[in-house]
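Data first, discussion second: the structure below is written as structure tokens.
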Amino acid sequence: MQEKETNELERELGSTHLADYSSFVHKNKDSMLSDATSFSTYIKTILREKGITQQIAFLKADIPERYGYKLLSGEKHTRQRDVILRICYASELTLKETQRALRKYGMPELYAKISRDAMIMIAFNERPGSIIDVNALLKKHGMEPLRTSGIQE
């Protein structure tokens with residue numbers, strides 16, 4: 001089933017009665033945000049479709065492999081959106097797929113009115129190279145690079 005846009009769901013909700021709530025959720029389950037495993041399932045599905053192993057994605061994301069596996073298994077949770085962005089970029093997600101992955105993880109989407117986010121959005125669209133190249137681009141424009149985890153000097 002195709003994922004519906006938020007505004008489409010909102011239109012449907014306008015004519016949905018309380019008694020029909022369960023039916024609405026069941027009918028739109030592919031479009032609804034669910035538990036923390038939905039991010040993991042989403043990323044794993046995309047990796048499988050693109051023929052990329054989790055190990056390769058973590059290496060390309062430049063994050064510790066063990067940490068990456070724990071994030072995708074749900075054993076660990078991060079509050080750092082940069083880590084999720086690294087995984088998305090290394091997994092070759094499109095900007096639209098990345099925005100969806102961020103939502104599924106419970107993180108704010110990239111926002112075009114924030115200059116760093118705008119630069120990252122362009123990087124997802126143009127694919128200038130590796131994470132190292134994206135970080136070089138961010139630094140070149142006086143912005144913080146994508147962090148791996150913890151505090152970077």
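Chain labels follow the order of the structure tokens: the first chain is A, the next B, and so on; residue numbering restarts at 1 in every chain, and ligands are counted from 1 in their shown order.
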### Message
as a PyMOL selection string, please: the residues near Gly74 in chain A (cut-off 12 Å, only C-alpha atoms, same-chain neighbours under 2 positions excluded).
### Response
chain A and resi 35-41+67-72+76-78+105
### Query
Which of these, A:Ile87, A:Leu9, A:Leu102, A:Ile46, has the shortest distance to Asp30 in chain A once you count only C-alpha atoms?
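The answer is A:Leu9, which sits nearest to Asp30 in chain A.
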For Glu92 in chain A, find every residue with an atom within 9 Å (counting only C-alpha atoms), except residues of its own chain fewer than 5 positions away, and show them as a compact mmCIF listing (two decimals) with N, CA, C and O atoms, in the first residue's frame.
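And here's out.txt as it stands now:
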# COMPACT_ATOMS: atom_id res chain seq x y z
N ILE A 46 14.90 -0.35 3.00
CA ILE A 46 15.56 0.44 1.96
C ILE A 46 16.95 -0.12 1.66
O ILE A 46 17.33 -0.24 0.50
N LEU A 47 17.68 -0.49 2.71
CA LEU A 47 19.01 -1.07 2.50
C LEU A 47 18.91 -2.34 1.65
O LEU A 47 19.69 -2.54 0.72
N LYS A 50 18.20 -1.51 -1.97
CA LYS A 50 19.35 -0.91 -2.65
C LYS A 50 20.56 -1.83 -2.67
O LYS A 50 21.59 -1.48 -3.24
N ILE A 52 22.47 -2.72 -0.13
CA ILE A 52 23.53 -2.21 0.75
C ILE A 52 23.42 -2.95 2.08
O ILE A 52 22.34 -3.05 2.65
N ALA A 57 26.73 0.46 5.30
CA ALA A 57 26.08 1.73 5.64
C ALA A 57 26.75 2.38 6.85
O ALA A 57 27.01 3.59 6.84
N ILE A 87 23.33 8.02 8.85
CA ILE A 87 22.84 6.70 8.44
C ILE A 87 22.02 6.83 7.15
O ILE A 87 22.19 6.05 6.22
N PHE A 124 21.76 16.12 0.13
CA PHE A 124 20.97 14.90 -0.13
C PHE A 124 20.49 14.88 -1.58
O PHE A 124 20.40 13.82 -2.19
N ARG A 127 24.20 14.85 -3.78
CA ARG A 127 25.16 13.78 -3.46
C ARG A 127 26.60 14.16 -3.83
O ARG A 127 27.19 13.58 -4.74
### Message
Report as an NGL selection string all protein, DNA and RNA residues lying within 10 Å of Ile56 in chain A, evaluated on only C-alpha atoms, omitting residues in the same chain fewer than 3 positions from it.
### Response
:A and (47 or 52-53 or 59-62 or 65 or 90-91)
Resulting file, chosen residues, all heavy atoms, as a tab-separated table (two decimals), in the first residue's frame:
chain	number	residue	atom	x	y	z
A	47	LEU	N	17.68	-0.49	2.71
A	47	LEU	CA	19.01	-1.07	2.50
A	47	LEU	C	18.91	-2.34	1.65
A	47	LEU	O	19.69	-2.54	0.72
A	47	LEU	CB	19.69	-1.38	3.84
A	47	LEU	CG	20.21	-0.18	4.62
A	47	LEU	CD1	20.67	-0.61	6.01
A	47	LEU	CD2	21.34	0.51	3.88
A	52	ILE	N	22.47	-2.72	-0.13
A	52	ILE	CA	23.53	-2.21	0.75
A	52	ILE	C	23.42	-2.95	2.08
A	52	ILE	O	22.34	-3.05	2.65
A	52	ILE	CB	23.37	-0.69	1.00
A	52	ILE	CG1	23.41	0.08	-0.32
A	52	ILE	CG2	24.43	-0.17	1.97
A	52	ILE	CD1	23.03	1.54	-0.20
A	53	THR	N	24.54	-3.47	2.56
A	53	THR	CA	24.51	-4.14	3.87
A	53	THR	C	24.54	-3.09	4.97
A	53	THR	O	25.01	-1.96	4.77
A	53	THR	CB	25.73	-5.08	4.05
A	53	THR	OG1	26.92	-4.29	4.07
A	53	THR	CG2	25.79	-6.13	2.95
A	59	LEU	N	29.83	1.88	7.92
A	59	LEU	CA	31.18	2.30	7.52
A	59	LEU	C	31.12	3.61	6.74
A	59	LEU	O	31.90	4.54	6.99
A	59	LEU	CB	31.86	1.22	6.68
A	59	LEU	CG	32.30	-0.04	7.44
A	59	LEU	CD1	32.76	-1.13	6.47
A	59	LEU	CD2	33.41	0.29	8.43
A	60	LYS	N	30.18	3.70	5.78
A	60	LYS	CA	30.04	4.91	4.98
A	60	LYS	C	29.53	6.08	5.82
A	60	LYS	O	29.85	7.23	5.55
A	60	LYS	CB	29.09	4.67	3.80
A	60	LYS	CG	29.70	3.79	2.71
A	60	LYS	CD	28.70	3.36	1.67
A	60	LYS	CE	28.25	4.46	0.78
A	60	LYS	NZ	27.31	3.99	-0.27
A	61	ALA	N	28.75	5.77	6.86
A	61	ALA	CA	28.23	6.81	7.76
A	61	ALA	C	29.31	7.28	8.74
A	61	ALA	O	29.15	8.30	9.40
A	61	ALA	CB	27.03	6.29	8.53
A	62	ASP	N	30.40	6.52	8.82
A	62	ASP	CA	31.49	6.81	9.74
A	62	ASP	C	31.00	6.83	11.19
A	62	ASP	O	31.30	7.73	11.96
A	62	ASP	CB	32.19	8.12	9.37
A	62	ASP	CG	33.54	8.28	10.06
A	62	ASP	OD1	34.14	7.25	10.44
A	62	ASP	OD2	33.98	9.44	10.24
A	65	GLU	N	30.34	0.53	14.15
A	65	GLU	CA	29.44	-0.52	13.68
A	65	GLU	C	28.52	-1.04	14.79
A	65	GLU	O	27.32	-1.20	14.58
A	65	GLU	CB	30.30	-1.67	13.12
A	65	GLU	CG	29.63	-2.49	12.06
A	65	GLU	CD	30.59	-3.48	11.43
A	65	GLU	OE1	31.74	-3.12	11.13
A	65	GLU	OE2	30.15	-4.64	11.26
A	90	ALA	N	24.39	7.65	4.17
A	90	ALA	CA	25.19	6.47	3.81
A	90	ALA	C	24.33	5.37	3.20
A	90	ALA	O	24.82	4.56	2.41
A	90	ALA	CB	25.92	5.96	5.04
A	91	SER	N	23.05	5.35	3.55
A	91	SER	CA	22.13	4.35	3.02
A	91	SER	C	21.53	4.79	1.68
A	91	SER	O	20.64	4.14	1.15
A	91	SER	CB	21.00	4.09	4.03
A	91	SER	OG	21.53	3.63	5.25
### Task
Tell me, as number ranges by chain, which residues lie within 10 Å of range 137-142 of chain A, counting only C-alpha atoms; anything in the same chain fewer than 5 positions away does not count.
A: 115-116, 119-120, 123, 128, 131-132
### DSSP-assigned alpha helix (DSSP H) among chain A, expressed as a VMD selection string
chain A and resid 6 to 14 21 to 27 37 to 50 54 to 61 65 to 73 81 to 90 95 to 105 115 to 126 131 to 140
### Query
So how far away is CA of Met143 in chain A from CA of Leu93 in chain A, in Å?
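These two atoms are separated by 22.3 Å.
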